[in-house]
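Here the structure is laid out as structure tokens; the discussion comes afterwards.
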Amino acid sequence: MASATAENGSSAKEFYEDEKQLMKLCDFLRSSEGPPVREAIEMDKRVYYIKGEKLVNFMVEPKKGTKWPKELPKFNSRPDAIAVCKELCAIQFIHRSEKVAKGELEVSRVRDFDESAYFTWIYEGNKKYSHFMTACLVVGFLCCTCFPIWPNFLKVFVWYMSVSLLIFVFFLVTTRALLFLFVWIIGYECWFLPNLFDEQLGFCESFIPVISCEPTKDGQLPYRIGVFVAFFSFCYWAVTQPSEFDGFVKGQGDFIKDLYAGTLLSDMSQKDKENIDKPKMPSLEDLLKKLDSEDEEEEELSEEEAAEALLNSLMDEIPLSF
């Protein structure tokens, strides 16, 4: 058994001597299944670093639940893992760093691998996905800046999609809040998609778990009773005053219809809405009116100049009479 283990360990060490296989190992170590890393600033750049001991521990004994890739052999001995880490330093997939302040690192002059030191990841993996997303971002930005020259049917489509997304988000937030309120009143904190608005999680992780339910903390009974009385008082008012509540519901329905119809701003004519992106060129009638107004202004100015000249002449003749 011991010989088999040693044989597997030596085969793993030889397997990772190939740089392509080492890159596959780094892809796994840098993935979400890999060891946890920390963020810091090094040379004015945000980097991810890990302690050498934790990296070796993970390579020898991965954390429980880790899905180790089937095409990559596992490490059965600590020296083999350390040897691979030294190879990572040699080909500059990682480099040794030193802490200079909280959340700040600097490149160490020592290049050798040591379990007690900190190491910063240089290897970034395959950048095809990153380049693809960058290209999509640039194309999307160009499409947004060219929005005024879009066809009218695309503008209408974007408008409907935006309004639908806005309404969906509003009803999702309202449903989550009402579900939490109903269950919280009876003594439990129940959230639908509890991590939906967690900015520290990725897109997929934001939808996990779907529902979380935990008992409320002690001392919240008076608050729950107060919310219960206030909520059901509102429900009683809505039932006993149907005319006012029905008017509120009708107003919300009209608001949504106006959003989809594009008639929410009633002070703008439909013609102005359709031509909002077109360049505004003055018509012949507008030009003629402008010329007429300029002529009238010139006539007014000429009359004022004549009156002023007459007044000046009168003022000049007054001393002669004396």
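Letters A, B, ... mark the chains of the structure tokens in the order given; residue numbers begin at 1 per chain; ligand numbers begin at 1, in order shown.
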
Near range 45-47 of chain A, counting only C-alpha atoms, which residues have an atom at most 10 Å away, once you skip same-chain residues fewer than 5 positions from it, shown as a CSV table (one decimal) with C-alpha atoms, in the first residue's frame?
```csv
chain,number,residue,atom,x,y,z
A,37,VAL,CA,-7.3,33.9,-1.2
A,38,ARG,CA,-7.2,37.5,0.1
A,39,GLU,CA,-7.1,40.8,-1.7
A,40,ALA,CA,-4.4,43.4,-1.3
A,103,GLY,CA,-4.1,45.3,2.8
A,104,GLU,CA,-0.8,46.4,1.2
A,105,LEU,CA,2.0,44.2,-0.2
A,120,THR,CA,0.8,36.6,-5.0
A,121,TRP,CA,-0.9,35.1,-8.0
A,122,ILE,CA,0.5,36.3,-11.3
```

If we count only C-alpha atoms, what is near Arg78 in chain A at a cut-off of 12 Å, once residues fewer than 6 positions away on the same chain are taken out, given as a compact mmCIF listing (two decimals) with C-alpha atoms, in the first residue's frame?
```
# COMPACT_ATOMS: atom_id res chain seq x y z
CA ALA A 6 4.72 6.57 -3.28
CA GLY A 9 3.02 10.63 -5.64
CA SER A 10 5.99 10.32 -7.97
CA ALA A 12 1.88 13.24 -9.90
CA LYS A 13 5.20 15.06 -9.58
CA GLU A 53 1.40 26.85 4.04
CA LYS A 54 -2.31 27.11 3.14
CA LEU A 55 -1.55 26.48 -0.52
CA VAL A 56 0.43 23.34 0.28
CA ASN A 57 -2.23 22.12 2.74
CA PHE A 58 -4.93 22.49 0.12
CA MET A 59 -2.90 20.65 -2.52
CA VAL A 60 -2.22 17.74 -0.16
CA GLU A 61 -5.57 17.66 1.67
CA VAL A 84 5.31 21.92 -7.57
CA CYS A 85 4.96 25.22 -5.68
CA GLU A 115 5.54 27.87 3.56
```

Selection: 8 Å around Asn195 in chain A, only C-alpha atoms, excl. self and same-chain fewer than 5 positions, as an mmCIF file with N, CA and C atoms, in the first residue's frame:
```cif
data_model
loop_
_atom_site.group_PDB
_atom_site.id
_atom_site.type_symbol
_atom_site.label_atom_id
_atom_site.label_comp_id
_atom_site.auth_asym_id
_atom_site.auth_seq_id
_atom_site.Cartn_x
_atom_site.Cartn_y
_atom_site.Cartn_z
ATOM 1 N N LEU A 201 -21.042 38.835 -3.753
ATOM 2 C CA LEU A 201 -21.178 37.534 -4.390
ATOM 3 C C LEU A 201 -21.268 37.688 -5.896
ATOM 4 N N GLU A 205 -23.953 32.914 -7.524
ATOM 5 C CA GLU A 205 -24.054 32.756 -6.069
ATOM 6 C C GLU A 205 -25.171 33.616 -5.467
ATOM 7 N N SER A 206 -25.597 34.669 -6.179
ATOM 8 C CA SER A 206 -26.661 35.533 -5.655
ATOM 9 C C SER A 206 -28.015 34.831 -5.605
ATOM 10 N N PHE A 207 -28.170 33.752 -6.359
ATOM 11 C CA PHE A 207 -29.438 33.021 -6.388
ATOM 12 C C PHE A 207 -29.398 31.754 -5.541
ATOM 13 N N ILE A 208 -28.382 31.617 -4.690
ATOM 14 C CA ILE A 208 -28.241 30.447 -3.818
ATOM 15 C C ILE A 208 -28.142 30.935 -2.382
ATOM 16 N N PRO A 209 -28.933 30.393 -1.448
ATOM 17 C CA PRO A 209 -30.044 29.451 -1.641
ATOM 18 C C PRO A 209 -31.292 30.177 -2.141
#
```

Taking 6 positions as the minimum chain separation for residues in the same chain, which residues sit within 10 Å of Arg176 in chain A when counting only C-alpha atoms? Answer as a list of chain:residue names. A:Cys190, A:Trp191, A:Phe192, A:Leu193, A:Pro194

Would you return as a count of residues only the members of range 78-275 of chain A that DSSP assigns to helix (DSSP H, G or I) on this structure's backbone? 116

Contacts of Ile186 in chain A at 12 Å (only C-alpha atoms; same-chain gap of 5+ positions) as a JSON list (two decimals) with N, CA, C and O atoms, in the first residue's frame:
```json
[["chain", "number", "residue", "atom", "x", "y", "z"],
["A", 179, "LEU", "N", -43.59, 38.45, 1.82],
["A", 179, "LEU", "CA", -43.34, 37.10, 2.32],
["A", 179, "LEU", "C", -42.60, 37.15, 3.65],
["A", 179, "LEU", "O", -42.95, 36.43, 4.60],
["A", 180, "PHE", "N", -41.58, 38.00, 3.73],
["A", 180, "PHE", "CA", -40.85, 38.14, 4.99],
["A", 180, "PHE", "C", -41.76, 38.65, 6.10],
["A", 180, "PHE", "O", -41.70, 38.18, 7.24],
["A", 181, "LEU", "N", -42.63, 39.62, 5.76],
["A", 181, "LEU", "CA", -43.52, 40.19, 6.77],
["A", 181, "LEU", "C", -44.50, 39.15, 7.31],
["A", 181, "LEU", "O", -44.68, 39.03, 8.54],
["A", 214, "GLU", "N", -35.24, 31.05, 9.28],
["A", 214, "GLU", "CA", -34.64, 30.91, 10.60],
["A", 214, "GLU", "C", -35.57, 31.53, 11.64],
["A", 214, "GLU", "O", -36.32, 32.46, 11.34],
["A", 215, "PRO", "N", -35.53, 31.01, 12.88],
["A", 215, "PRO", "CA", -36.36, 31.61, 13.95],
["A", 215, "PRO", "C", -35.90, 33.04, 14.25],
["A", 215, "PRO", "O", -34.73, 33.38, 14.10],
["A", 216, "THR", "N", -36.85, 33.87, 14.63],
["A", 216, "THR", "CA", -36.51, 35.25, 14.97],
["A", 216, "THR", "C", -35.77, 35.32, 16.30],
["A", 216, "THR", "O", -35.82, 34.39, 17.11],
["A", 220, "GLN", "N", -38.42, 40.23, 20.09],
["A", 220, "GLN", "CA", -39.11, 40.87, 18.96],
["A", 220, "GLN", "C", -40.62, 40.69, 19.00],
["A", 220, "GLN", "O", -41.30, 41.15, 18.08],
["A", 221, "LEU", "N", -41.14, 40.05, 20.04],
["A", 221, "LEU", "CA", -42.58, 39.80, 20.11],
["A", 221, "LEU", "C", -43.39, 41.09, 20.12],
["A", 221, "LEU", "O", -44.39, 41.18, 19.38],
["A", 222, "PRO", "N", -43.06, 42.12, 20.91],
["A", 222, "PRO", "CA", -43.85, 43.36, 20.86],
["A", 222, "PRO", "C", -43.86, 44.00, 19.48],
["A", 222, "PRO", "O", -44.90, 44.51, 19.04],
["A", 223, "TYR", "N", -42.73, 43.95, 18.78],
["A", 223, "TYR", "CA", -42.68, 44.53, 17.43],
["A", 223, "TYR", "C", -43.55, 43.74, 16.47],
["A", 223, "TYR", "O", -44.23, 44.32, 15.61],
["A", 224, "ARG", "N", -43.54, 42.42, 16.60],
["A", 224, "ARG", "CA", -44.35, 41.60, 15.72],
["A", 224, "ARG", "C", -45.83, 41.85, 15.95],
["A", 224, "ARG", "O", -46.63, 41.89, 15.00],
["A", 225, "ILE", "N", -46.21, 42.03, 17.21],
["A", 225, "ILE", "CA", -47.62, 42.31, 17.52],
["A", 225, "ILE", "C", -48.02, 43.67, 16.94],
["A", 225, "ILE", "O", -49.10, 43.83, 16.36],
["A", 227, "VAL", "N", -46.68, 45.27, 14.34],
["A", 227, "VAL", "CA", -46.77, 45.16, 12.88],
["A", 227, "VAL", "C", -48.03, 44.40, 12.47],
["A", 227, "VAL", "O", -48.68, 44.74, 11.48],
["A", 228, "PHE", "N", -48.38, 43.37, 13.24],
["A", 228, "PHE", "CA", -49.59, 42.60, 12.95],
["A", 228, "PHE", "C", -50.83, 43.49, 13.03],
["A", 228, "PHE", "O", -51.69, 43.46, 12.14]]
```

Could you give me, as JSON lines, every range 157-244 of chain A residue with an atom at most 12 Å from range 133-152 of chain A, plus its closest atom pair and distance in Å to one decimal, counting only C-alpha atoms, rows ordered by chain then number?
```
{"residue": "A:Phe157", "atom": "CA", "partner": "A:Asn152", "partner_atom": "CA", "distance": 8.6}
{"residue": "A:Val158", "atom": "CA", "partner": "A:Asn152", "partner_atom": "CA", "distance": 10.0}
{"residue": "A:Trp159", "atom": "CA", "partner": "A:Asn152", "partner_atom": "CA", "distance": 10.6}
```

What would the file look like if the residues just selected were written as a PDB file, in the first residue's frame with N, CA, C and O atoms?
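Below is the file result.pdb, written as the result:
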```
ATOM      1  N   PHE A 157     -38.799  48.362 -28.856  1.00  0.00           N
ATOM      2  CA  PHE A 157     -38.460  47.104 -28.181  1.00  0.00           C
ATOM      3  C   PHE A 157     -37.676  47.361 -26.897  1.00  0.00           C
ATOM      4  O   PHE A 157     -37.962  46.767 -25.852  1.00  0.00           O
ATOM      5  N   VAL A 158     -36.671  48.246 -26.960  1.00  0.00           N
ATOM      6  CA  VAL A 158     -35.884  48.575 -25.768  1.00  0.00           C
ATOM      7  C   VAL A 158     -36.767  49.223 -24.704  1.00  0.00           C
ATOM      8  O   VAL A 158     -36.619  48.955 -23.501  1.00  0.00           O
ATOM      9  N   TRP A 159     -37.700  50.057 -25.140  1.00  0.00           N
ATOM     10  CA  TRP A 159     -38.608  50.696 -24.180  1.00  0.00           C
ATOM     11  C   TRP A 159     -39.464  49.654 -23.464  1.00  0.00           C
ATOM     12  O   TRP A 159     -39.585  49.680 -22.235  1.00  0.00           O
TER      13      TRP A 159
END
```

Residues near Val110 in chain A, anyone? I mean within 12 Å using only C-alpha atoms, not counting same-chain ones fewer than 4 positions away, as a CSV table (one decimal) with all heavy atoms, in the first residue's frame.
```csv
chain,number,residue,atom,x,y,z
A,89,CYS,N,6.9,29.1,-8.7
A,89,CYS,CA,7.7,30.3,-8.5
A,89,CYS,C,8.7,30.5,-9.6
A,89,CYS,O,9.0,31.6,-10.1
A,89,CYS,CB,8.4,30.3,-7.1
A,89,CYS,SG,7.3,30.4,-5.7
A,90,ALA,N,9.3,29.4,-10.1
A,90,ALA,CA,10.3,29.4,-11.1
A,90,ALA,C,9.8,29.9,-12.4
A,90,ALA,O,10.5,30.7,-13.1
A,90,ALA,CB,10.9,28.0,-11.2
A,95,HIS,N,4.6,34.8,-7.2
A,95,HIS,CA,5.8,35.4,-6.7
A,95,HIS,C,5.7,35.7,-5.2
A,95,HIS,O,4.6,36.0,-4.7
A,95,HIS,CB,6.2,36.7,-7.5
A,95,HIS,CG,5.3,37.8,-7.3
A,95,HIS,ND1,4.4,38.3,-8.1
A,95,HIS,CD2,5.2,38.7,-6.2
A,95,HIS,CE1,3.8,39.4,-7.7
A,95,HIS,NE2,4.3,39.6,-6.5
A,96,ARG,N,6.8,35.8,-4.6
A,96,ARG,CA,6.8,36.0,-3.1
A,96,ARG,C,6.6,37.5,-2.8
A,96,ARG,O,7.2,38.3,-3.5
A,96,ARG,CB,8.1,35.5,-2.5
A,96,ARG,CG,8.2,35.5,-1.0
A,96,ARG,CD,9.4,34.6,-0.6
A,96,ARG,NE,9.6,34.7,0.9
A,96,ARG,CZ,10.4,33.9,1.5
A,96,ARG,NH1,11.2,33.1,0.9
A,96,ARG,NH2,10.5,34.0,2.8
A,97,SER,N,5.8,37.7,-1.8
A,97,SER,CA,5.5,39.1,-1.4
A,97,SER,C,5.7,39.3,0.1
A,97,SER,O,5.7,38.3,0.9
A,97,SER,CB,4.0,39.5,-1.8
A,97,SER,OG,3.8,39.3,-3.2
A,98,GLU,N,5.8,40.5,0.5
A,98,GLU,CA,5.9,40.9,1.9
A,98,GLU,C,4.8,41.9,2.3
A,98,GLU,O,4.5,42.8,1.5
A,98,GLU,CB,7.3,41.4,2.2
A,98,GLU,CG,8.4,40.4,2.0
A,98,GLU,CD,9.8,41.0,2.4
A,98,GLU,OE1,9.8,42.2,2.7
A,98,GLU,OE2,10.8,40.3,2.3
A,106,GLU,N,4.3,44.3,-1.0
A,106,GLU,CA,5.3,44.7,-1.9
A,106,GLU,C,6.1,43.4,-2.3
A,106,GLU,O,6.1,42.4,-1.6
A,106,GLU,CB,6.3,45.7,-1.3
A,106,GLU,CG,7.1,45.1,-0.1
A,106,GLU,CD,8.1,46.1,0.4
A,106,GLU,OE1,8.0,47.3,0.0
A,106,GLU,OE2,8.9,45.7,1.2
A,114,ASP,N,8.6,29.3,0.3
A,114,ASP,CA,8.7,29.1,1.8
A,114,ASP,C,7.2,29.0,2.3
A,114,ASP,O,6.4,29.9,2.0
A,114,ASP,CB,9.5,30.1,2.5
A,114,ASP,CG,9.7,29.7,3.9
A,114,ASP,OD1,9.2,28.7,4.4
A,114,ASP,OD2,10.5,30.4,4.6
A,117,ALA,N,5.8,32.2,4.1
A,117,ALA,CA,5.8,33.4,3.3
A,117,ALA,C,4.4,33.5,2.6
A,117,ALA,O,3.6,32.6,2.5
A,117,ALA,CB,6.9,33.5,2.3
A,118,TYR,N,4.2,34.7,2.1
A,118,TYR,CA,3.0,35.0,1.3
A,118,TYR,C,3.3,35.1,-0.2
A,118,TYR,O,4.4,35.6,-0.6
A,118,TYR,CB,2.4,36.4,1.7
A,118,TYR,CG,1.9,36.4,3.2
A,118,TYR,CD1,2.7,36.8,4.2
A,118,TYR,CD2,0.6,35.9,3.5
A,118,TYR,CE1,2.2,36.8,5.5
A,118,TYR,CE2,0.1,35.9,4.8
A,118,TYR,CZ,0.9,36.3,5.8
A,118,TYR,OH,0.5,36.3,7.1
A,119,PHE,N,2.4,34.6,-1.0
A,119,PHE,CA,2.6,34.5,-2.4
A,119,PHE,C,1.5,35.1,-3.2
A,119,PHE,O,0.3,34.8,-2.9
A,119,PHE,CB,2.9,33.1,-2.9
A,119,PHE,CG,4.2,32.5,-2.3
A,119,PHE,CD1,4.2,31.9,-1.1
A,119,PHE,CD2,5.4,32.6,-3.0
A,119,PHE,CE1,5.4,31.4,-0.5
A,119,PHE,CE2,6.5,32.1,-2.5
A,119,PHE,CZ,6.6,31.5,-1.3
```

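All residues of protein, DNA or RNA that reach within 12 Å of Lys20 in chain A, judged by only C-alpha atoms and not counting those fewer than 6 positions away in the chain, are Cys26, Asp27, Leu72, Ile91, Gly125 and Asn126 of chain A.
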
Those selected residues, please, written with C-alpha atoms and delivered as an mmCIF file, in the first residue's frame.
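Result file follows (out-v6.cif):
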```cif
data_model
loop_
_atom_site.group_PDB
_atom_site.id
_atom_site.type_symbol
_atom_site.label_atom_id
_atom_site.label_comp_id
_atom_site.auth_asym_id
_atom_site.auth_seq_id
_atom_site.Cartn_x
_atom_site.Cartn_y
_atom_site.Cartn_z
ATOM 1 C CA CYS A 26 -3.405 26.661 -11.769
ATOM 2 C CA ASP A 27 -6.777 27.019 -13.494
ATOM 3 C CA LEU A 72 -5.377 15.955 -12.607
ATOM 4 C CA ILE A 91 8.023 29.991 -14.062
ATOM 5 C CA GLY A 125 -5.556 31.744 -16.720
ATOM 6 C CA ASN A 126 -7.106 31.693 -20.156
#
```

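For the pair CA of Lys64 in chain A and CA of Ser32 in chain A, the separation is 13.7 Å.
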
Nearest-residue call for Met23 in chain A, choices A:Ser116, A:Gln92, A:Thr66, A:Ser162, using only C-alpha atoms: A:Gln92
